[in-house]
Amino acid sequence: MSNVVFFSFKELDRETVLTIKGRAVNIHYHNLNFRVRDLLKRWKTESSPMIRAAISTKLKGTSRTIVFVGEETHKSYWVPQEVEMTLEKGKPVYAIRLKGTNGKIPQCLTDNNIHVYAWSETTLQSLATK
């Protein structure tokens, strides 16, 4: 399977993750080079089945999920859902801290023995392409 990565993150970190995604898919930015799927589109619903269906659709064709851990990621309702759905599909989940953050590690990562890496673009590139 190709290196298509699903990004999981807390809404609060949307702009930072959008910047990272932009770099990853920019052919002129050489530090990051992989394709991304995500739910950056804002949803005007709180319907759990509808959002889970959207997550499931976005996970199709991906090789892994990368969770971006920021200050409040541990409070996210959807990050644990995305982790669970990825693992159910037999795909790996990796986690990396966003630069300059020190928030609590989400329980879903701890429960699944998912290591949280310190931020660096080199590490992100490695996680996205292993």
# chains A, B, ... in the order shown; residues from 1 in each chain; ligands from 1

$ select_by_dssp --residues "chain A" --states "strand (DSSP E or B)" --output "MDAnalysis selection string"
chainID A and resid 4:8 35:37 64:69 93:97 116:117

$ residues_around --residues "Phe34 (chain A)" --least-positions-apart "4" --cutoff "10 Å" --atoms "only C-alpha atoms" --output "VMD selection string"
chain A and resid 2 to 5 21 23 to 27 125 128 to 129

$ write_last_selection --atoms "N, CA, C and O atoms" --output "CSV table (one decimal), in the first residue's frame"
chain,number,residue,atom,x,y,z
A,2,SER,N,0.5,2.2,-0.7
A,2,SER,CA,1.3,3.4,-0.8
A,2,SER,C,1.3,4.2,0.5
A,2,SER,O,0.5,3.9,1.4
A,3,ASN,N,2.1,5.2,0.6
A,3,ASN,CA,2.2,6.0,1.8
A,3,ASN,C,1.1,7.1,1.8
A,3,ASN,O,1.4,8.3,1.5
A,4,VAL,N,-0.1,6.7,2.1
A,4,VAL,CA,-1.2,7.7,2.3
A,4,VAL,C,-1.5,7.6,3.8
A,4,VAL,O,-1.9,6.6,4.3
A,5,VAL,N,-1.4,8.7,4.4
A,5,VAL,CA,-1.5,8.8,5.9
A,5,VAL,C,-2.8,9.5,6.2
A,5,VAL,O,-3.1,10.5,5.7
A,21,LYS,N,0.2,19.5,6.6
A,21,LYS,CA,-0.3,18.8,5.4
A,21,LYS,C,0.1,19.5,4.2
A,21,LYS,O,0.6,18.9,3.2
A,23,ARG,N,2.8,21.2,3.7
A,23,ARG,CA,4.2,20.9,3.4
A,23,ARG,C,4.4,19.5,2.9
A,23,ARG,O,5.2,19.3,2.0
A,24,ALA,N,3.6,18.6,3.4
A,24,ALA,CA,3.8,17.2,3.0
A,24,ALA,C,3.4,17.0,1.5
A,24,ALA,O,4.0,16.1,0.9
A,25,VAL,N,2.4,17.7,1.1
A,25,VAL,CA,1.9,17.5,-0.3
A,25,VAL,C,2.5,18.5,-1.3
A,25,VAL,O,2.2,18.4,-2.5
A,26,ASN,N,3.4,19.4,-0.8
A,26,ASN,CA,4.0,20.4,-1.7
A,26,ASN,C,5.3,19.8,-2.3
A,26,ASN,O,6.2,19.5,-1.6
A,27,ILE,N,5.3,19.6,-3.6
A,27,ILE,CA,6.5,19.0,-4.3
A,27,ILE,C,7.7,19.9,-4.1
A,27,ILE,O,8.8,19.4,-4.3
A,125,GLN,N,8.3,12.3,8.8
A,125,GLN,CA,8.6,11.7,7.5
A,125,GLN,C,8.8,10.2,7.7
A,125,GLN,O,8.3,9.4,7.0
A,128,ALA,N,5.6,8.4,8.6
A,128,ALA,CA,4.6,8.4,7.4
A,128,ALA,C,5.0,7.4,6.3
A,128,ALA,O,4.2,7.1,5.5
A,129,THR,N,6.3,7.0,6.4
A,129,THR,CA,6.8,6.2,5.3
A,129,THR,C,7.4,4.9,5.7
A,129,THR,O,7.9,4.2,4.9

$ closest_residue --among "A:Thr65, A:Ser76, A:Ser8, A:Asn33" --to "Pro92 (chain A)" --atoms "only C-alpha atoms"
A:Thr65

$ residues_around --residues "Thr110 (chain A)" --least-positions-apart "5" --cutoff "12 Å" --atoms "only C-alpha atoms" --output "compact mmCIF listing (two decimals) with C-alpha atoms, in the first residue's frame"
# COMPACT_ATOMS: atom_id res chain seq x y z
CA HIS A 74 -6.50 14.11 25.35
CA PRO A 80 -9.98 7.78 20.18
CA VAL A 83 -7.43 5.31 16.62
CA VAL A 93 -1.15 4.08 14.50
CA TYR A 94 1.73 6.41 15.31
CA ALA A 95 1.70 9.56 17.42
CA LYS A 104 -1.38 15.03 28.45
CA ILE A 105 -1.10 11.89 26.31
CA HIS A 115 4.55 5.68 21.66
CA VAL A 116 4.37 9.47 21.32

$ closest_residue --among "A:Leu87, A:Arg35, A:Thr122, A:Thr16" --to "Gly100 (chain A)" --atoms "only C-alpha atoms"
A:Thr16
